[in-house]
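To be precise, the following lines are work.csv, and they hold CSV, C-alpha atoms.
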chain,number,residue,atom,x,y,z
A,1,MET,CA,0.0,0.0,0.0
A,2,ASN,CA,1.2,3.5,-0.7
A,3,ASP,CA,2.3,6.3,1.6
A,4,MET,CA,-0.7,8.4,0.9
A,5,ASP,CA,-3.1,5.8,2.3
A,6,ASP,CA,-1.0,5.3,5.4
A,7,ALA,CA,-0.6,9.1,5.9
A,8,ARG,CA,-4.4,9.4,5.9
A,9,LEU,CA,-4.9,6.4,8.1
A,10,MET,CA,-2.4,7.9,10.6
A,11,ALA,CA,-4.0,11.3,10.4
A,12,TYR,CA,-7.2,9.6,11.3
A,13,LEU,CA,-5.6,7.9,14.2
A,14,ASP,CA,-4.1,11.2,15.4
A,15,GLY,CA,-7.5,13.0,15.1
A,16,GLU,CA,-6.1,15.3,12.4
A,17,LEU,CA,-8.9,14.8,9.9
A,18,ALA,CA,-11.9,17.0,9.3
A,19,PRO,CA,-15.2,15.2,10.2
A,20,ALA,CA,-16.0,14.7,6.5
A,21,GLU,CA,-12.7,13.0,5.9
A,22,ARG,CA,-13.1,10.9,9.0
A,23,THR,CA,-16.3,9.6,7.6
A,24,GLU,CA,-14.6,8.7,4.4
A,25,VAL,CA,-11.9,6.8,6.2
A,26,GLU,CA,-14.4,5.0,8.4
A,27,GLN,CA,-16.4,3.9,5.3
A,28,ALA,CA,-13.2,2.6,3.7
A,29,LEU,CA,-12.3,0.8,6.9
A,30,ALA,CA,-15.7,-0.9,7.1
A,31,GLY,CA,-15.2,-2.7,3.8
A,32,ASP,CA,-11.5,-3.4,3.9
A,33,PRO,CA,-10.1,-5.8,6.5
A,34,GLU,CA,-6.5,-5.3,5.2
A,35,LEU,CA,-6.8,-1.5,5.9
A,36,ARG,CA,-8.3,-2.3,9.3
A,37,SER,CA,-5.4,-4.4,10.3
A,38,ARG,CA,-2.9,-1.7,9.2
A,39,LEU,CA,-4.8,0.7,11.4
A,40,ASP,CA,-4.7,-1.7,14.3
A,41,ALA,CA,-0.9,-2.1,13.8
A,42,GLN,CA,-0.5,1.7,14.0
A,43,GLY,CA,-2.8,1.8,17.0
A,44,ARG,CA,-0.6,-0.8,18.8
A,45,LEU,CA,2.5,1.2,18.0
A,46,ARG,CA,0.9,4.3,19.5
A,47,GLU,CA,0.1,2.4,22.7
A,48,ARG,CA,3.5,0.9,22.8
A,49,LEU,CA,5.2,4.2,22.6
A,50,ALA,CA,2.9,5.7,25.2
A,51,ALA,CA,3.6,2.8,27.6
A,52,HIS,CA,7.3,3.1,27.0
A,53,TYR,CA,7.7,6.9,27.4
A,54,GLY,CA,4.7,7.9,29.4
A,55,PRO,CA,6.2,6.8,32.8
A,56,VAL,CA,9.2,9.1,32.3
A,57,ALA,CA,6.9,12.1,32.9
A,58,GLU,CA,5.7,10.5,36.2
A,59,GLU,CA,9.2,10.0,37.6
A,60,GLU,CA,10.6,12.3,40.3
A,61,VAL,CA,12.5,15.1,38.6
A,62,PRO,CA,16.3,14.7,39.5
A,63,GLU,CA,17.5,17.1,42.2
A,64,ARG,CA,20.2,18.6,40.0
A,65,PHE,CA,17.5,20.1,37.7
A,66,ARG,CA,15.5,21.5,40.5
A,67,GLN,CA,18.7,23.2,41.8
A,68,MET,CA,19.5,24.6,38.3
A,69,LEU,CA,16.1,26.3,38.3
A,70,GLY,CA,15.8,27.1,42.0
A,71,GLY,CA,19.4,28.4,42.3
A,72,SER,CA,20.5,31.5,44.0
A,73,THR,CA,17.5,33.6,43.4
A,74,ASP,CA,15.3,31.5,45.6
A,75,ASN,CA,12.9,33.4,47.7
A,76,VAL,CA,14.3,36.7,46.5
A,77,VAL,CA,11.3,38.7,45.3
A,78,ASP,CA,12.6,41.3,42.9
A,79,LEU,CA,10.9,44.0,41.0
A,80,ALA,CA,11.0,42.3,37.6
A,81,ASP,CA,9.5,39.2,39.0
A,82,ALA,CA,6.6,41.1,40.6
A,83,ARG,CA,6.0,43.1,37.5
A,84,GLU,CA,6.0,40.1,35.3
A,85,ARG,CA,3.5,38.3,37.5
A,86,ARG,CA,1.2,41.3,37.3
A,87,ARG,CA,1.6,41.8,33.6
A,88,ARG,CA,1.0,38.3,32.2
A,89,PRO,CA,-2.7,37.8,32.9
A,90,LEU,CA,-3.3,41.3,31.6
A,91,TRP,CA,-1.4,40.5,28.5
A,92,GLN,CA,-3.5,37.4,27.8
A,93,THR,CA,-6.7,39.3,28.5
A,94,ALA,CA,-5.7,41.9,26.0
A,95,ALA,CA,-4.8,39.4,23.4
A,96,ALA,CA,-8.2,37.6,23.8
A,97,LEU,CA,-10.0,40.9,23.7
A,98,ALA,CA,-8.2,41.9,20.6
A,99,ALA,CA,-9.2,38.7,18.9
A,100,THR,CA,-12.8,39.3,19.7
A,101,LEU,CA,-12.6,42.8,18.4
A,102,VAL,CA,-11.2,41.6,15.1
A,103,ILE,CA,-14.1,39.3,14.7
A,104,GLY,CA,-16.6,42.0,15.7
A,105,PHE,CA,-15.0,44.4,13.3
A,106,PHE,CA,-15.2,41.9,10.4
A,107,VAL,CA,-18.8,41.1,11.1
A,108,GLY,CA,-19.7,44.7,11.8
A,109,ARG,CA,-18.2,45.9,8.6
A,110,LEU,CA,-19.7,43.1,6.5
A,111,VAL,CA,-23.3,43.6,7.6
A,112,THR,CA,-23.3,47.2,6.4
A,113,VAL,CA,-22.2,46.1,2.9
A,114,GLU,CA,-25.2,45.1,0.8
A,115,SER,CA,-23.5,42.2,-1.0
A,116,GLY,CA,-21.5,41.0,2.0
A,117,PRO,CA,-21.7,37.3,3.1
A,118,VAL,CA,-23.6,38.2,6.3
A,119,ALA,CA,-26.8,40.2,6.8
A,120,LEU,CA,-28.9,41.2,9.8
A,121,ARG,CA,-32.5,40.1,9.6
A,122,GLY,CA,-34.3,41.3,12.7
A,123,ALA,CA,-32.1,40.2,15.5
A,124,GLU,CA,-30.7,37.3,13.5
A,125,MET,CA,-27.5,37.1,11.6
A,126,VAL,CA,-28.1,35.2,8.3
A,127,ALA,CA,-25.9,34.4,5.3
A,128,SER,CA,-26.5,36.5,2.3
A,129,GLY,CA,-25.1,37.0,-1.2
A,130,GLY,CA,-22.4,34.6,-2.3
A,131,LEU,CA,-22.2,32.8,1.0
A,132,ALA,CA,-26.0,32.1,1.1
A,133,GLU,CA,-25.8,30.8,-2.5
A,134,ALA,CA,-22.9,28.6,-1.7
A,135,LEU,CA,-24.7,27.2,1.4
A,136,ASP,CA,-27.8,26.6,-0.8
A,137,THR,CA,-26.1,25.0,-3.7
A,138,GLN,CA,-22.6,23.8,-3.1
A,139,LEU,CA,-21.7,20.2,-2.3
A,140,ALA,CA,-18.5,19.4,-0.3
A,141,SER,CA,-18.0,16.5,-2.6
A,142,ALA,CA,-18.1,18.7,-5.7
A,143,PRO,CA,-16.8,22.1,-4.9
A,144,SER,CA,-16.9,24.8,-7.5
A,145,PRO,CA,-13.9,27.2,-7.6
A,146,ASP,CA,-16.3,30.2,-8.4
A,147,ALA,CA,-18.4,29.7,-5.3
A,148,GLY,CA,-18.6,32.4,-2.6
A,149,ALA,CA,-17.4,29.9,0.0
A,150,ARG,CA,-16.1,26.4,0.3
A,151,ILE,CA,-18.4,24.0,2.2
A,152,GLY,CA,-16.7,21.7,4.7
A,153,VAL,CA,-19.1,19.4,6.5
A,154,THR,CA,-22.8,19.1,6.6
A,155,PHE,CA,-24.6,17.6,9.6
A,156,ALA,CA,-27.9,17.5,11.5
A,157,ARG,CA,-28.4,19.0,14.9
A,158,THR,CA,-30.4,17.2,17.6
A,159,ASP,CA,-33.6,19.1,16.4
A,160,GLY,CA,-33.0,17.7,12.9
A,161,SER,CA,-32.1,21.0,11.3
A,162,LEU,CA,-29.2,20.9,9.0
A,163,CYS,CA,-25.9,22.8,9.5
A,164,ARG,CA,-22.9,23.4,7.3
A,165,THR,CA,-19.4,24.7,7.9
A,166,PHE,CA,-18.0,27.1,5.4
A,167,GLU,CA,-14.8,28.9,4.6
A,168,GLY,CA,-15.0,32.1,2.6
A,169,PRO,CA,-12.3,34.6,1.6
A,170,ALA,CA,-12.4,36.4,4.9
A,171,LEU,CA,-14.7,34.4,7.2
A,172,ALA,CA,-15.0,30.8,8.3
A,173,GLY,CA,-17.9,29.6,10.3
A,174,LEU,CA,-21.0,27.5,10.8
A,175,ALA,CA,-24.5,28.1,9.6
A,176,CYS,CA,-27.7,26.2,10.3
A,177,ARG,CA,-30.8,26.2,8.2
A,178,ALA,CA,-33.9,28.0,9.6
A,179,ASP,CA,-37.1,29.4,8.1
A,180,SER,CA,-35.4,32.7,7.6
A,181,GLY,CA,-32.5,31.3,5.7
A,182,TRP,CA,-29.0,30.2,6.8
A,183,GLN,CA,-28.6,31.4,10.4
A,184,ILE,CA,-25.0,32.1,11.2
A,185,VAL,CA,-24.2,30.2,14.4
A,186,MET,CA,-20.6,31.3,14.6
A,187,THR,CA,-18.0,33.0,12.4
A,188,THR,CA,-14.4,33.7,12.9
A,189,ALA,CA,-11.7,35.5,10.8
A,190,ARG,CA,-10.4,32.9,8.4
A,191,GLU,CA,-7.3,30.9,9.3
A,192,GLY,CA,-4.2,31.9,7.3
A,193,ALA,CA,-5.5,35.5,6.9
A,194,GLU,CA,-2.6,36.6,9.0
A,195,ALA,CA,0.4,34.6,8.0
A,196,GLY,CA,3.9,35.0,9.4
A,197,GLU,CA,3.2,35.4,13.0
A,198,TYR,CA,3.5,32.4,15.2
A,199,ARG,CA,0.0,31.1,15.2
A,200,GLN,CA,-1.6,28.9,17.8
A,201,ALA,CA,-2.1,25.7,16.0
A,202,GLY,CA,-5.2,25.6,13.8
A,203,SER,CA,-7.0,27.9,16.3
A,204,THR,CA,-9.7,29.3,14.0
A,205,ASN,CA,-10.5,26.3,11.9
A,206,ALA,CA,-10.4,24.1,15.0
A,207,LEU,CA,-12.9,26.5,16.6
A,208,VAL,CA,-15.4,25.9,13.8
A,209,LEU,CA,-14.8,22.2,13.8
A,210,GLN,CA,-15.2,22.1,17.6
A,211,THR,CA,-18.5,23.9,17.4
A,212,ALA,CA,-19.6,21.5,14.7
A,213,GLN,CA,-18.7,18.6,16.8
A,214,ASP,CA,-20.6,20.0,19.8
A,215,LEU,CA,-23.8,20.6,17.8
A,216,MET,CA,-23.7,17.4,15.7
A,217,ALA,CA,-26.2,14.6,16.3
A,218,GLY,CA,-24.7,11.4,15.0
A,219,GLU,CA,-22.4,11.4,12.0
A,220,PRO,CA,-21.9,14.0,9.3
A,221,LEU,CA,-23.8,13.5,6.1
A,222,ASP,CA,-22.0,11.6,3.4
A,223,ALA,CA,-21.9,12.8,-0.2
A,224,GLU,CA,-25.1,11.0,-1.1
A,225,ALA,CA,-27.1,12.3,1.9
A,226,GLU,CA,-25.7,15.8,1.3
A,227,ARG,CA,-27.0,15.7,-2.3
A,228,ARG,CA,-30.4,14.5,-1.2
A,229,ALA,CA,-30.6,17.2,1.5
A,230,ARG,CA,-29.9,19.9,-1.0
A,231,ASP,CA,-32.4,18.6,-3.5
A,232,SER,CA,-35.1,18.6,-0.8
A,233,GLY,CA,-34.4,22.2,0.0
A,234,TRP,CA,-32.5,21.6,3.2
A,235,ARG,CA,-35.6,20.3,5.1
A,236,PRO,CA,-34.9,19.2,8.6
A,237,ILE,CA,-34.1,15.5,8.9
A,238,PRO,CA,-36.6,13.5,11.0
A,239,ARG,CA,-34.9,12.5,14.2
A,240,ALA,CA,-35.5,8.7,14.0
A,241,ARG,CA,-33.4,8.2,10.9
B,1,MET,CA,12.6,31.7,42.2
B,2,GLN,CA,11.2,33.8,39.4
B,3,ALA,CA,8.1,33.1,37.2
B,4,PHE,CA,10.3,31.9,34.3
B,5,GLU,CA,12.0,29.2,36.4
B,6,ARG,CA,8.8,28.2,38.1
B,7,GLU,CA,7.2,27.6,34.7
B,8,LEU,CA,10.2,25.6,33.5
B,9,LEU,CA,10.0,23.5,36.7
B,10,THR,CA,6.5,22.5,35.9
B,11,LEU,CA,7.5,21.6,32.4
B,12,LEU,CA,10.4,19.4,33.5
B,13,PRO,CA,8.6,16.1,33.6
B,14,ARG,CA,7.4,16.6,30.0
B,15,LEU,CA,10.8,17.8,28.9
B,16,ARG,CA,12.5,14.8,30.3
B,17,ARG,CA,10.0,12.6,28.4
B,18,PHE,CA,10.7,14.4,25.2
B,19,ALA,CA,14.5,14.1,25.8
B,20,ARG,CA,14.0,10.4,26.4
B,21,ALA,CA,12.3,10.0,23.1
B,22,LEU,CA,15.1,11.8,21.3
B,23,ALA,CA,18.2,10.5,23.1
B,24,ARG,CA,19.8,7.1,22.9
B,25,ASP,CA,19.2,6.1,26.5
B,26,ALA,CA,18.1,7.4,29.9
B,27,ALA,CA,21.5,8.8,30.8
B,28,ASP,CA,21.9,10.6,27.5
B,29,ALA,CA,18.4,12.0,27.9
B,30,ASP,CA,19.2,13.6,31.2
B,31,ASP,CA,22.4,15.0,29.8
B,32,LEU,CA,20.3,16.5,27.0
B,33,THR,CA,17.8,17.9,29.5
B,34,GLN,CA,20.7,19.6,31.4
B,35,VAL,CA,22.3,21.1,28.2
B,36,ALA,CA,18.9,22.3,27.1
B,37,LEU,CA,18.1,23.9,30.5
B,38,GLU,CA,21.4,25.6,30.5
B,39,ARG,CA,20.8,27.0,27.1
B,40,ALA,CA,17.3,28.1,28.0
B,41,LEU,CA,18.5,29.9,31.2
B,42,LYS,CA,21.2,31.7,29.2
B,43,GLY,CA,18.8,32.7,26.4
B,44,ARG,CA,15.8,33.5,28.6
B,45,ASP,CA,15.6,37.0,27.1
B,46,SER,CA,14.7,35.5,23.7
B,47,TRP,CA,11.5,34.1,25.2
B,48,GLN,CA,8.6,36.5,24.8
B,49,PRO,CA,6.2,36.4,27.7
B,50,GLY,CA,2.7,35.5,26.4
B,51,THR,CA,4.0,33.0,23.9
B,52,LYS,CA,4.1,29.3,24.7
B,53,LEU,CA,7.0,28.5,26.9
B,54,ASP,CA,6.7,24.7,26.3
B,55,ALA,CA,7.1,25.2,22.5
B,56,TRP,CA,10.0,27.5,23.0
B,57,MET,CA,11.7,25.1,25.4
B,58,MET,CA,11.1,22.0,23.2
B,59,ARG,CA,12.6,23.9,20.2
B,60,ILE,CA,15.7,24.5,22.3
B,61,MET,CA,16.0,20.9,23.4
B,62,ARG,CA,15.5,19.7,19.8
B,63,ASN,CA,18.3,22.0,18.6
B,64,CYS,CA,20.6,20.8,21.3
B,65,TRP,CA,19.9,17.3,20.3
B,66,ILE,CA,20.5,18.0,16.6
B,67,ASP,CA,23.9,19.6,17.5
B,68,GLU,CA,24.8,16.5,19.4
B,69,VAL,CA,23.7,14.1,16.6
B,70,ARG,CA,25.7,16.1,14.0
B,71,SER,CA,28.9,16.1,16.0
B,72,ARG,CA,28.4,12.3,16.7
B,73,THR,CA,28.0,11.7,13.0
B,74,ARG,CA,31.2,13.6,12.3
B,75,ARG,CA,33.1,11.5,14.9
B,76,ALA,CA,31.6,8.3,13.5
B,77,GLN,CA,32.6,9.2,9.9
B,78,THR,CA,36.2,9.7,11.1
B,79,PHE,CA,36.3,6.1,12.5
B,80,ALA,CA,34.1,4.5,9.9
B,81,PRO,CA,36.8,2.6,7.9
B,82,GLU,CA,38.0,0.8,11.1
B,83,GLU,CA,34.5,-0.2,12.1
B,84,ALA,CA,33.6,-1.5,8.7
B,85,GLY,CA,36.7,-3.7,8.7
B,86,GLN,CA,35.8,-5.2,12.1
B,87,SER,CA,32.3,-6.3,11.0
B,88,VAL,CA,33.4,-8.2,7.9
B,89,GLY,CA,32.7,-11.9,8.2
B,90,SER,CA,30.0,-11.7,10.8
B,91,ASP,CA,27.2,-10.1,8.8
B,92,ALA,CA,24.7,-12.9,9.3
B,93,ASP,CA,25.3,-13.0,13.1
B,94,ARG,CA,25.0,-9.3,13.3
B,95,ASP,CA,21.7,-9.3,11.4
B,96,ILE,CA,20.1,-11.8,13.8
B,97,GLU,CA,21.4,-9.9,16.8
B,98,LEU,CA,20.1,-6.6,15.3
B,99,GLN,CA,16.7,-8.1,14.8
B,100,ALA,CA,16.4,-9.3,18.3
B,101,GLU,CA,17.4,-5.9,19.6
B,102,MET,CA,14.9,-4.1,17.3
B,103,ARG,CA,12.0,-5.5,19.4
B,104,ASP,CA,12.8,-2.9,22.0
B,105,VAL,CA,11.3,0.5,21.5
B,106,ASP,CA,14.5,2.3,22.3
B,107,ARG,CA,16.4,0.3,19.7
B,108,ALA,CA,13.8,0.9,17.1
B,109,MET,CA,13.7,4.6,17.8
B,110,ASN,CA,17.5,4.7,17.6
B,111,ALA,CA,17.3,3.1,14.2
B,112,LEU,CA,15.2,5.9,12.8
B,113,PRO,CA,16.9,8.8,10.9
B,114,PRO,CA,16.9,11.9,13.1
B,115,GLU,CA,14.3,13.7,11.1
B,116,GLN,CA,11.8,10.9,11.4
B,117,ARG,CA,12.6,10.4,15.0
B,118,GLU,CA,11.9,14.0,16.0
B,119,ALA,CA,8.6,13.9,14.2
B,120,VAL,CA,7.6,10.8,16.0
B,121,ALA,CA,8.7,12.2,19.3
B,122,LEU,CA,6.8,15.4,18.9
B,123,VAL,CA,3.5,14.0,17.6
B,124,LEU,CA,3.3,10.5,19.1
B,125,VAL,CA,5.1,10.9,22.4
B,126,GLU,CA,4.4,14.6,23.2
B,127,GLY,CA,1.0,14.7,21.5
B,128,LEU,CA,1.6,17.9,19.5
B,129,ALA,CA,-0.8,18.7,16.6
B,130,TYR,CA,0.7,18.4,13.2
B,131,ARG,CA,0.6,22.2,12.8
B,132,GLU,CA,2.4,22.7,16.1
B,133,ALA,CA,5.1,20.1,15.3
B,134,ALA,CA,5.7,21.5,11.8
B,135,ASP,CA,6.0,25.1,13.2
B,136,LEU,CA,8.4,23.9,15.9
B,137,LEU,CA,10.6,22.2,13.3
B,138,ASP,CA,10.3,25.0,10.8
B,139,ILE,CA,9.1,22.6,8.1
B,140,PRO,CA,6.0,22.6,5.9
B,141,ILE,CA,3.2,20.4,7.3
B,142,GLY,CA,3.5,18.1,4.3
B,143,THR,CA,7.1,17.4,5.1
B,144,LEU,CA,6.2,16.6,8.7
B,145,THR,CA,3.5,14.2,7.7
B,146,SER,CA,5.6,12.3,5.2
B,147,ARG,CA,8.5,12.0,7.8
B,148,LEU,CA,5.9,10.9,10.4
B,149,THR,CA,4.4,8.3,8.1
B,150,ARG,CA,7.8,6.8,7.1
B,151,GLY,CA,8.9,6.8,10.7
B,152,ARG,CA,5.8,5.0,11.9
B,153,GLN,CA,5.9,2.5,9.1
B,154,ALA,CA,9.5,1.6,10.0
B,155,LEU,CA,8.8,1.4,13.7
B,156,ALA,CA,5.8,-0.8,13.2
B,157,GLN,CA,7.8,-3.1,11.0
B,158,MET,CA,10.7,-3.3,13.5
B,159,LEU,CA,8.5,-3.8,16.6
B,160,GLU,CA,6.1,-6.3,15.1
B,161,ALA,CA,8.8,-8.5,13.6
B,162,ALA,CA,8.8,-11.0,16.5
Just give me the structure as structure tokens.
Amino acid sequence: MNDMDDARLMAYLDGELAPAERTEVEQALAGDPELRSRLDAQGRLRERLAAHYGPVAEEEVPERFRQMLGGSTDNVVDLADARERRRRPLWQTAAALAATLVIGFFVGRLVTVESGPVALRGAEMVASGGLAEALDTQLASAPSPDAGARIGVTFARTDGSLCRTFEGPALAGLACRADSGWQIVMTTAREGAEAGEYRQAGSTNALVLQTAQDLMAGEPLDAEAERRARDSGWRPIPRAR
Amino acid sequence: MQAFERELLTLLPRLRRFARALARDAADADDLTQVALERALKGRDSWQPGTKLDAWMMRIMRNCWIDEVRSRTRRAQTFAPEEAGQSVGSDADRDIELQAEMRDVDRAMNALPPEQREAVALVLVEGLAYREAADLLDIPIGTLTSRLTRGRQALAQMLEAA
């Protein structure tokens, strides 16, 4: 078997696949005992490494390292130390606040633009323009390069309503189908919009996926179910399916 | 003790585990931990508060390890002709011996090329996300996953060959 297959299988094992890709791998596994046994072999390797190296982190840390870090400054409270202690939480709060403001700014600006991807309808935030069209028509299995947004995964919530994750030029997020249209459940500035800086690993996209995971009832829709849902106008899926 | 040292102290158990996954044996691992701590204390000004100390520290440890691997390779090359001469005639025996040793996780990890080994250590032992590991090693994510894949294929093969 080739590297590509193994790479996917391992990414599956490491939890590095998007829900839709997970589904694909799981379907492949169901019908392929050989693939299954390769996955099992990798699972055993993972456990073996964990069993071998895990206990090291439980060991008592050797005294010489404690001394290196304790050293001569022990119990001496100096100004820099005190200042640092006061400053750090503030720093983190400021960073978190800034992130929120960026998102707020994006959304705030976009709602005032007629053709933007997000519009306010009453108190609800709904998809509009190219994003609404993409959510209505695009299939994750057959993405169109001209679409206003790329669709990630489609799934049903516990109430049966359908939700889809999307990634547009500026925003990524999650929308669920309601009578008023595609309600925006969450959006975030798209990952990769600010390259260069050290980025917290996959923070934005992971946020969308996490939200999807939290809302999802059962498994994401496969390609066939996604097509059927579109053709039926995104009607809620009855719970006992 | 200052905040910086306090945080390092809480990271120590994990750092020792990471060192163990990189170095040849337990003694080498603690030597590596010591060298990395020294370098970190000396270079503490290059750490920016608010960024992740664990990633910064692991990067230092990995660099210390690579330095050591490189100098060891240079030493090994200097003596290579002699070693090659000694092993002539006992190839079959050596292979059998080698295979027996390969069952052990340490030996199998030691047999990996450094770039595969560090990928395995970061993702499988330390549990970093692909993105984090790739950033830490300054390599594209595709390079990380291909090294990781080859490393795991090799490990599985060595460890399952009973």
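A straight line drawn from CA of Ala133 in chain B to CA of Ala119 in chain B is 7.2 Å long.
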Please report as a PyMOL selection string which residues of chain B come no farther than 6 Å from chain A, using only C-alpha atoms. chain B and resi 1-2+5+13-14+17+131-132+149
Please produce an output containing C-alpha atoms for each residue in the selection, written as a PDB file, keeping the file's coordinate frame.
ATOM      1  CA  MET B   1      12.600  31.700  42.200  1.00  0.00           C
ATOM      2  CA  GLN B   2      11.200  33.800  39.400  1.00  0.00           C
ATOM      3  CA  GLU B   5      12.000  29.200  36.400  1.00  0.00           C
ATOM      4  CA  PRO B  13       8.600  16.100  33.600  1.00  0.00           C
ATOM      5  CA  ARG B  14       7.400  16.600  30.000  1.00  0.00           C
ATOM      6  CA  ARG B  17      10.000  12.600  28.400  1.00  0.00           C
ATOM      7  CA  ARG B 131       0.600  22.200  12.800  1.00  0.00           C
ATOM      8  CA  GLU B 132       2.400  22.700  16.100  1.00  0.00           C
ATOM      9  CA  THR B 149       4.400   8.300   8.100  1.00  0.00           C
TER      10      THR B 149
END
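Taking CA of Ser232 in chain A as the reference point, CA of Pro169 in chain A is found at 28.0 Å.
Relative to CA of Phe18 in chain B, CA of Val105 in chain B is found at 14.4 Å.
Distances here use only C-alpha atoms; by that measure, the residue among B:Leu41, B:Met158, B:Val35, B:Val123 closest to Asn110 in chain B is B:Met158.
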Using all atoms listed in the file, which protein or nucleic acid residues come within 10 Å of Ala223 in chain A? Drop anything in the same chain fewer than 5 positions from it, and give the result as an MDAnalysis selection string. chainID A and resid 20 24 139:142 153:154 228:229
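Residues in contact with Leu112 in chain B at 12 Å, where all atoms listed in the file are counted and same-chain residues fewer than 4 positions away are skipped, are listed as Ala21, Leu22, Ala23, Arg24, Met102, Val105, Asp106, Arg107, Ala108, Gln116, Arg117, Glu118, Ala119, Val120, Ala121, Arg147, Leu148, Arg150, Gly151, Arg152, Gln153, Ala154, Leu155, Ala156, Gln157 and Met158 of chain B.
In terms of minimum interatomic distance to Glu38 in chain B, B:Leu8 ranks closest within B:Ile139, B:Arg20, B:Leu8, B:Lys52, counting all atoms listed in the file.
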Compile the contact shell of range 120-127 of chain A as a short mmCIF file (atom, residue, chain, number, x, y, z; two decimals) with C-alpha atoms, keeping the file's coordinate frame: residues with an atom at most 8 Å away, counting all atoms listed in the file, same-chain residues fewer than 6 positions apart removed.
data_model
loop_
_atom_site.label_atom_id
_atom_site.label_comp_id
_atom_site.auth_asym_id
_atom_site.auth_seq_id
_atom_site.Cartn_x
_atom_site.Cartn_y
_atom_site.Cartn_z
CA VAL A 111 -23.30 43.60 7.60
CA ALA A 175 -24.50 28.10 9.60
CA SER A 180 -35.40 32.70 7.60
CA GLY A 181 -32.50 31.30 5.70
CA TRP A 182 -29.00 30.20 6.80
CA GLN A 183 -28.60 31.40 10.40
CA ILE A 184 -25.00 32.10 11.20
#
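For the residues A:Leu35, A:Asp231, A:Ala206, A:Leu221, ranking by smallest atom-to-atom distance to Glu21 in chain A using all atoms listed in the file places A:Leu221 first.
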